[in-house]
Amino acid sequence: MAIRVERTRRPRPRPAPADLGFGQHFTDHVFRADYDAERGWHGARVEPYGPIALDPAAAALHYGQSVFEGLKAFRGADGALGLFRPTAHAARLASSAQRLCMPAPDQALVVEGMKALVAADADWVPDGPGTSLYLRPLLFATEAFLGVRPARSYALVVLASPVGGYFGGAPRRLKLWVERERTRAAPGGVGAVKTGGNYAASLLAAEAARARGCDQVLWTDAATHRLAEEAGTMNFFARLGDAVVTPPLGDTLLAGVTRDSVLTLLREAGVRVEERPLAIDELVAAGRAGALGEAFGTGTASVVAPVGELRWDGGALEIADAGPEAAGERARRALVAIQRGEAPDRHGWVERVAAAR
């Protein structure tokens, strides 16, 4: 499908690198394509950023037919632009769409649309340490209809935001609240889907965790609240003895692309990795025995974020700082080096973006 490009006539001011934050500024353009049952996906274009006209009865607003992705574009050491694992993100968008009875756009269309947007807004891609251009593909139902059934029309929109660090300020080790009352996701549900409802359901627990002096929530399983699952918006890892352990994927955990990348890099570095259930009691016992070497979360926005403390009602566990040779920190450095073209990309994770003509 050919992608039409309409350039803005009102470019936005560029934020200073120190003012980037996360998700606060948006580029001049978006990519969009539309779907209806008669024509399928059509009208692929890059157009000026602006409000979207949406009927008040649109199904996305009432029944939550909306899924999204998050990935990054980087300016390499040679100045070239590249997207990190866009095909994997397009595949996950398709999987999320199928779970919510939405027509999945062709993965090639999603990838080419993102590349066209990055090419159009190439001068928005920052090059400072810890910065990138964050891309947010969003797929949502647009049909105006109040009956409960899958909608018959949809829009795919990709927006872009130049960003710095996700947690803001100087890098620090995070404090996590072990959540044993509220539930993020249950077996058989949509916990493995990147849909807005999952994030809305997490907000109350996250705010309660912040009120207790924590940065994020460490979610536990819905059935017993004994097993660690996700760390806020991140996948969770812990080094127990000589092994790095992470909970196994299932229908309550998001299959993180950064998670998969970190697992690959850890194994290549000779680190023993175990994907298995991880009990909170096991973490606490290991910590008290001196066998908990480190803990960290992984995600597109945060990359690899070290964890320094777990808190829960009636207790807390300090996690020692493993320093620059921590497994998570070494994986982070290796990943960033690949993203920025400073190390060989042996897995073909970075897809180059051709300059706009």
# chains A, B, ... in the order shown; residues from 1 in each chain; ligands from 1
>>> residues_around(residues="Glu143 in chain A", least_positions_apart="2", cutoff="12 Å", atoms="only C-alpha atoms", output="JSON, numbers by chain")
{"A": [34, 35, 36, 37, 54, 55, 56, 57, 58, 59, 60, 61, 62, 63, 65, 102, 140, 141, 145, 146, 147, 148, 149, 150, 151, 152, 153, 154, 155]}
>>> residues_around(residues="Glu47 in chain A", least_positions_apart="5", cutoff="7 Å", atoms="only C-alpha atoms", output="list in words")
Val5, Glu6, Arg7, His29, Val30 and Phe31 of chain A
>>> write_last_selection(atoms="N, CA and C atoms", output="mmCIF file, in the first residue's frame")
data_model
loop_
_atom_site.group_PDB
_atom_site.id
_atom_site.type_symbol
_atom_site.label_atom_id
_atom_site.label_comp_id
_atom_site.auth_asym_id
_atom_site.auth_seq_id
_atom_site.Cartn_x
_atom_site.Cartn_y
_atom_site.Cartn_z
ATOM 1 N N VAL A 5 2.267 11.330 1.774
ATOM 2 C CA VAL A 5 2.870 12.198 2.782
ATOM 3 C C VAL A 5 2.397 13.627 2.577
ATOM 4 N N GLU A 6 1.758 14.178 3.616
ATOM 5 C CA GLU A 6 1.341 15.583 3.622
ATOM 6 C C GLU A 6 2.112 16.296 4.723
ATOM 7 N N ARG A 7 2.967 17.207 4.343
ATOM 8 C CA ARG A 7 3.814 17.905 5.307
ATOM 9 C C ARG A 7 3.048 19.018 6.018
ATOM 10 N N HIS A 29 4.073 15.240 12.850
ATOM 11 C CA HIS A 29 3.225 14.395 12.010
ATOM 12 C C HIS A 29 2.777 13.129 12.735
ATOM 13 N N VAL A 30 1.767 12.470 12.179
ATOM 14 C CA VAL A 30 1.363 11.125 12.582
ATOM 15 C C VAL A 30 1.221 10.284 11.318
ATOM 16 N N PHE A 31 1.267 8.979 11.505
ATOM 17 C CA PHE A 31 0.893 8.061 10.426
ATOM 18 C C PHE A 31 -0.516 7.571 10.717
#
>>> residues_around(residues="Gly232 in chain A", least_positions_apart="2", cutoff="7 Å", atoms="only C-alpha atoms", output="list of chain:residue names")
A:Gln216, A:Val217, A:Leu218, A:Glu230, A:Met234
>>> write_last_selection(atoms="C-alpha atoms", output="PDB file, in the first residue's frame")
ATOM      1  CA  GLN A 216       5.882   1.082  41.210  1.00  0.00           C
ATOM      2  CA  VAL A 217       3.896  -2.035  42.069  1.00  0.00           C
ATOM      3  CA  LEU A 218       5.213  -5.594  41.995  1.00  0.00           C
ATOM      4  CA  GLU A 230       5.051  -7.841  36.504  1.00  0.00           C
ATOM      5  CA  MET A 234       7.892  -3.783  33.263  1.00  0.00           C
TER       6      MET A 234
END
>>> atom_distance(atom1="CA of Cys214 in chain A", atom2="CA of Arg172 in chain A")
12.2 Å
>>> residues_around(residues="Arg330 in chain A", least_positions_apart="4", cutoff="10 Å", atoms="only C-alpha atoms", output="PDB file with N, CA and C atoms, in the first residue's frame")
ATOM      1  N   VAL A 262      16.670  -8.912  26.378  1.00  0.00           N
ATOM      2  CA  VAL A 262      17.557  -9.072  27.533  1.00  0.00           C
ATOM      3  C   VAL A 262      17.852 -10.544  27.795  1.00  0.00           C
ATOM      4  N   LEU A 265      20.489 -11.604  25.339  1.00  0.00           N
ATOM      5  CA  LEU A 265      21.819 -11.064  25.647  1.00  0.00           C
ATOM      6  C   LEU A 265      22.414 -11.720  26.888  1.00  0.00           C
ATOM      7  N   LEU A 266      21.595 -12.007  27.884  1.00  0.00           N
ATOM      8  CA  LEU A 266      22.099 -12.688  29.080  1.00  0.00           C
ATOM      9  C   LEU A 266      22.635 -14.074  28.721  1.00  0.00           C
ATOM     10  N   ALA A 269      25.876 -13.960  27.045  1.00  0.00           N
ATOM     11  CA  ALA A 269      26.962 -13.599  27.957  1.00  0.00           C
ATOM     12  C   ALA A 269      27.314 -14.735  28.915  1.00  0.00           C
ATOM     13  N   VAL A 304      16.241  -1.082  31.118  1.00  0.00           N
ATOM     14  CA  VAL A 304      16.496  -1.935  32.281  1.00  0.00           C
ATOM     15  C   VAL A 304      16.583  -1.026  33.502  1.00  0.00           C
ATOM     16  N   GLY A 323      26.225  -2.960  41.401  1.00  0.00           N
ATOM     17  CA  GLY A 323      27.198  -2.141  40.705  1.00  0.00           C
ATOM     18  C   GLY A 323      27.212  -2.335  39.199  1.00  0.00           C
ATOM     19  N   PRO A 324      28.244  -1.816  38.546  1.00  0.00           N
ATOM     20  CA  PRO A 324      28.289  -1.833  37.079  1.00  0.00           C
ATOM     21  C   PRO A 324      28.409  -3.221  36.471  1.00  0.00           C
ATOM     22  N   GLU A 325      28.791  -4.218  37.263  1.00  0.00           N
ATOM     23  CA  GLU A 325      28.914  -5.571  36.719  1.00  0.00           C
ATOM     24  C   GLU A 325      27.678  -6.430  36.993  1.00  0.00           C
ATOM     25  N   ALA A 326      26.609  -5.807  37.480  1.00  0.00           N
ATOM     26  CA  ALA A 326      25.347  -6.528  37.649  1.00  0.00           C
ATOM     27  C   ALA A 326      24.887  -7.071  36.302  1.00  0.00           C
ATOM     28  N   ALA A 334      24.737  -3.523  26.794  1.00  0.00           N
ATOM     29  CA  ALA A 334      24.827  -4.253  25.526  1.00  0.00           C
ATOM     30  C   ALA A 334      23.651  -3.906  24.619  1.00  0.00           C
ATOM     31  N   LEU A 335      22.465  -3.786  25.210  1.00  0.00           N
ATOM     32  CA  LEU A 335      21.271  -3.478  24.424  1.00  0.00           C
ATOM     33  C   LEU A 335      21.351  -2.074  23.846  1.00  0.00           C
TER      34      LEU A 335
END
>>> residues_around(residues="Ala337 in chain A", least_positions_apart="4", cutoff="12 Å", atoms="only C-alpha atoms", output="MDAnalysis selection string")
chainID A and resid 74:77 84 129:130 265 330:333 341:345 349:350
>>> write_last_selection(atoms="N, CA and C atoms", output="short mmCIF file (atom, residue, chain, number, x, y, z; two decimals), in the first residue's frame")
data_model
loop_
_atom_site.label_atom_id
_atom_site.label_comp_id
_atom_site.auth_asym_id
_atom_site.auth_seq_id
_atom_site.Cartn_x
_atom_site.Cartn_y
_atom_site.Cartn_z
N PHE A 74 16.16 5.38 17.14
CA PHE A 74 17.41 5.93 17.66
C PHE A 74 18.22 6.54 16.53
N ARG A 75 19.02 7.52 16.89
CA ARG A 75 20.01 8.06 15.97
C ARG A 75 21.33 7.37 16.30
N GLY A 76 21.86 6.63 15.34
CA GLY A 76 23.06 5.85 15.56
C GLY A 76 24.31 6.69 15.65
N ALA A 77 25.40 6.02 15.98
CA ALA A 77 26.68 6.71 16.10
C ALA A 77 27.09 7.35 14.78
N PHE A 84 14.07 -0.02 16.62
CA PHE A 84 14.46 -1.23 17.32
C PHE A 84 13.32 -2.24 17.34
N PRO A 129 22.64 11.15 25.30
CA PRO A 129 22.61 9.91 26.08
C PRO A 129 21.25 9.71 26.74
N GLY A 130 20.72 8.50 26.62
CA GLY A 130 19.45 8.17 27.25
C GLY A 130 18.23 8.71 26.55
N LEU A 265 20.49 -11.60 25.34
CA LEU A 265 21.82 -11.06 25.65
C LEU A 265 22.41 -11.72 26.89
N ARG A 330 24.82 -4.95 32.77
CA ARG A 330 25.59 -5.38 31.59
C ARG A 330 24.68 -5.62 30.40
N ALA A 331 23.50 -6.19 30.64
CA ALA A 331 22.54 -6.40 29.55
C ALA A 331 22.04 -5.06 29.02
N ARG A 332 21.82 -4.09 29.91
CA ARG A 332 21.38 -2.76 29.47
C ARG A 332 22.41 -2.11 28.57
N ARG A 333 23.68 -2.15 28.99
CA ARG A 333 24.73 -1.53 28.17
C ARG A 333 24.83 -2.21 26.81
N GLY A 341 23.92 1.62 17.39
CA GLY A 341 24.90 1.31 16.36
C GLY A 341 26.33 1.29 16.83
N GLU A 342 26.53 1.14 18.14
CA GLU A 342 27.89 1.12 18.69
C GLU A 342 28.41 -0.30 18.87
N ALA A 343 27.57 -1.30 18.60
CA ALA A 343 27.96 -2.71 18.69
C ALA A 343 27.30 -3.45 17.55
N PRO A 344 27.88 -4.56 17.10
CA PRO A 344 27.28 -5.32 16.00
C PRO A 344 25.86 -5.78 16.33
N ASP A 345 24.99 -5.69 15.34
CA ASP A 345 23.60 -6.12 15.49
C ASP A 345 23.47 -7.52 14.89
N TRP A 349 18.10 -6.75 14.80
CA TRP A 349 17.06 -6.09 15.58
C TRP A 349 16.78 -4.66 15.12
N VAL A 350 17.79 -3.99 14.58
CA VAL A 350 17.62 -2.59 14.18
C VAL A 350 17.32 -2.53 12.69
#
>>> select_by_dssp(residues="range 137-329 of chain A", states="strand (DSSP E or B)", output="MDAnalysis selection string")
chainID A and resid 137:141 144 153:163 174:178 195 216:220 227:231 234:240 243:246 272:275 279 292:299 303:312 315:318
>>> write_last_selection(atoms="C-alpha atoms", output="mmCIF file, in the first residue's frame")
data_model
loop_
_atom_site.group_PDB
_atom_site.id
_atom_site.type_symbol
_atom_site.label_atom_id
_atom_site.label_comp_id
_atom_site.auth_asym_id
_atom_site.auth_seq_id
_atom_site.Cartn_x
_atom_site.Cartn_y
_atom_site.Cartn_z
ATOM 1 C CA PRO A 137 1.050 2.783 17.397
ATOM 2 C CA LEU A 138 -2.628 2.907 18.435
ATOM 3 C CA LEU A 139 -5.445 0.806 16.945
ATOM 4 C CA PHE A 140 -9.020 1.646 17.962
ATOM 5 C CA ALA A 141 -12.642 1.092 16.917
ATOM 6 C CA ALA A 144 -20.672 4.605 15.993
ATOM 7 C CA SER A 153 -14.511 0.290 11.291
ATOM 8 C CA TYR A 154 -11.144 1.104 12.870
ATOM 9 C CA ALA A 155 -8.235 3.517 12.708
ATOM 10 C CA LEU A 156 -4.522 2.887 13.077
ATOM 11 C CA VAL A 157 -2.589 5.961 14.237
ATOM 12 C CA VAL A 158 1.134 6.148 15.023
ATOM 13 C CA LEU A 159 2.358 9.172 16.971
ATOM 14 C CA ALA A 160 5.900 9.998 18.025
ATOM 15 C CA SER A 161 7.452 11.706 21.040
ATOM 16 C CA PRO A 162 11.103 12.631 21.716
ATOM 17 C CA VAL A 163 11.889 11.309 25.185
ATOM 18 C CA LEU A 174 13.447 1.640 42.291
ATOM 19 C CA LYS A 175 11.283 0.780 45.279
ATOM 20 C CA LEU A 176 8.451 -1.667 44.554
ATOM 21 C CA TRP A 177 5.321 -2.277 46.602
ATOM 22 C CA VAL A 178 4.368 -5.978 46.668
ATOM 23 C CA THR A 195 -4.821 -2.692 25.866
ATOM 24 C CA GLN A 216 5.882 1.082 41.210
ATOM 25 C CA VAL A 217 3.896 -2.035 42.069
ATOM 26 C CA LEU A 218 5.213 -5.594 41.995
ATOM 27 C CA TRP A 219 2.100 -7.456 40.899
ATOM 28 C CA THR A 220 1.392 -10.948 42.201
ATOM 29 C CA LEU A 227 3.967 -15.398 42.862
ATOM 30 C CA ALA A 228 5.707 -12.375 41.363
ATOM 31 C CA GLU A 229 4.391 -11.312 37.964
ATOM 32 C CA GLU A 230 5.051 -7.841 36.504
ATOM 33 C CA ALA A 231 6.750 -4.805 38.018
ATOM 34 C CA MET A 234 7.892 -3.783 33.263
ATOM 35 C CA ASN A 235 8.757 -7.474 33.211
ATOM 36 C CA PHE A 236 10.505 -8.545 36.427
ATOM 37 C CA PHE A 237 13.871 -10.282 36.889
ATOM 38 C CA ALA A 238 15.861 -11.377 39.956
ATOM 39 C CA ARG A 239 19.319 -12.947 40.277
ATOM 40 C CA LEU A 240 19.190 -15.833 42.725
ATOM 41 C CA ALA A 243 20.872 -17.736 37.897
ATOM 42 C CA VAL A 244 18.709 -14.877 36.649
ATOM 43 C CA VAL A 245 15.047 -15.828 37.126
ATOM 44 C CA THR A 246 12.011 -14.271 35.465
ATOM 45 C CA ARG A 272 22.163 -19.004 33.405
ATOM 46 C CA VAL A 273 18.557 -17.944 32.881
ATOM 47 C CA GLU A 274 15.441 -19.592 34.281
ATOM 48 C CA GLU A 275 11.896 -18.771 33.153
ATOM 49 C CA ALA A 279 7.481 -16.811 44.736
ATOM 50 C CA LEU A 292 19.526 -12.268 46.113
ATOM 51 C CA GLY A 293 22.185 -10.583 43.997
ATOM 52 C CA GLU A 294 19.995 -8.075 42.189
ATOM 53 C CA ALA A 295 16.535 -7.380 40.814
ATOM 54 C CA PHE A 296 15.467 -5.316 37.826
ATOM 55 C CA GLY A 297 12.617 -4.579 35.456
ATOM 56 C CA THR A 298 12.679 -4.383 31.664
ATOM 57 C CA GLY A 299 10.507 -2.470 29.215
ATOM 58 C CA VAL A 303 14.986 -0.298 29.156
ATOM 59 C CA VAL A 304 16.496 -1.935 32.281
ATOM 60 C CA ALA A 305 15.633 -0.410 35.653
ATOM 61 C CA PRO A 306 17.374 -1.736 38.798
ATOM 62 C CA VAL A 307 15.285 -2.432 41.903
ATOM 63 C CA GLY A 308 16.672 -1.510 45.317
ATOM 64 C CA GLU A 309 13.854 -2.404 47.686
ATOM 65 C CA LEU A 310 10.663 -4.423 48.040
ATOM 66 C CA ARG A 311 8.041 -3.260 50.526
ATOM 67 C CA TRP A 312 4.840 -4.872 51.789
ATOM 68 C CA GLY A 315 7.972 -5.609 56.090
ATOM 69 C CA ALA A 316 10.628 -4.596 53.606
ATOM 70 C CA LEU A 317 13.614 -6.110 51.857
ATOM 71 C CA GLU A 318 16.670 -4.125 50.836
#
>>> atom_distance(atom1="CA of Ile338 in chain A", atom2="CA of Ala120 in chain A")
23.6 Å
>>> closest_residue(among="A:Arg276, A:Lys115, A:Arg259, A:His225", to="Val353 in chain A", atoms="only C-alpha atoms")
A:Lys115
>>> closest_residue(among="A:Gly70, A:Gly197, A:Gly21, A:Gly314", to="Tyr166 in chain A", atoms="only C-alpha atoms")
A:Gly21
>>> select_by_dssp(residues="range 106-351 of chain A", states="alpha helix (DSSP H)", output="ChimeraX atom specification")
/A:107-120,196-211,257-268,280-288,327-339
>>> atom_distance(atom1="CA of Asp281 in chain A", atom2="CA of Gly191 in chain A")
23.3 Å
>>> closest_atom_pairs(of="range 232-261 of chain A", to="range 93-100 of chain A", cutoff="12 Å", atoms="only C-alpha atoms", output="Markdown table")
| residue | atom | partner | partner_atom | distance |
| --- | --- | --- | --- | --- |
| A:Asp251 | CA | A:Arg99 | CA | 10.9 |
| A:Leu254 | CA | A:Ser96 | CA | 10.1 |
| A:Ala255 | CA | A:Ser95 | CA | 10.7 |
| A:Gly256 | CA | A:Leu93 | CA | 11.9 |
| A:Val257 | CA | A:Leu93 | CA | 11.7 |
>>> write_last_selection(atoms="N, CA and C atoms", output="short mmCIF file (atom, residue, chain, number, x, y, z; two decimals), in the first residue's frame")
data_model
loop_
_atom_site.label_atom_id
_atom_site.label_comp_id
_atom_site.auth_asym_id
_atom_site.auth_seq_id
_atom_site.Cartn_x
_atom_site.Cartn_y
_atom_site.Cartn_z
N ASP A 251 -1.01 -16.00 30.01
CA ASP A 251 -2.03 -15.03 29.65
C ASP A 251 -2.22 -13.93 30.70
N LEU A 254 2.58 -9.65 29.93
CA LEU A 254 2.86 -9.15 28.59
C LEU A 254 4.20 -9.71 28.11
N ALA A 255 4.22 -10.18 26.89
CA ALA A 255 5.44 -10.71 26.29
C ALA A 255 6.32 -9.55 25.84
N GLY A 256 7.12 -9.04 26.75
CA GLY A 256 7.92 -7.85 26.47
C GLY A 256 8.99 -8.10 25.42
N VAL A 257 9.10 -7.19 24.46
CA VAL A 257 10.15 -7.29 23.45
C VAL A 257 11.50 -7.01 24.10
#
>>> closest_residue(among="A:Pro171, A:Gly43, A:Gly196, A:Pro11", to="Trp124 in chain A", atoms="only C-alpha atoms")
A:Pro11
>>> residues_around(residues="Glu351 in chain A", least_positions_apart="4", cutoff="10 Å", atoms="only C-alpha atoms", output="ChimeraX atom specification")
/A:73,81-87,111,115,339
>>> closest_residue(among="A:Ala327, A:Ala291, A:Ile319, A:Ala108", to="Gly270 in chain A", atoms="only C-alpha atoms")
A:Ala327
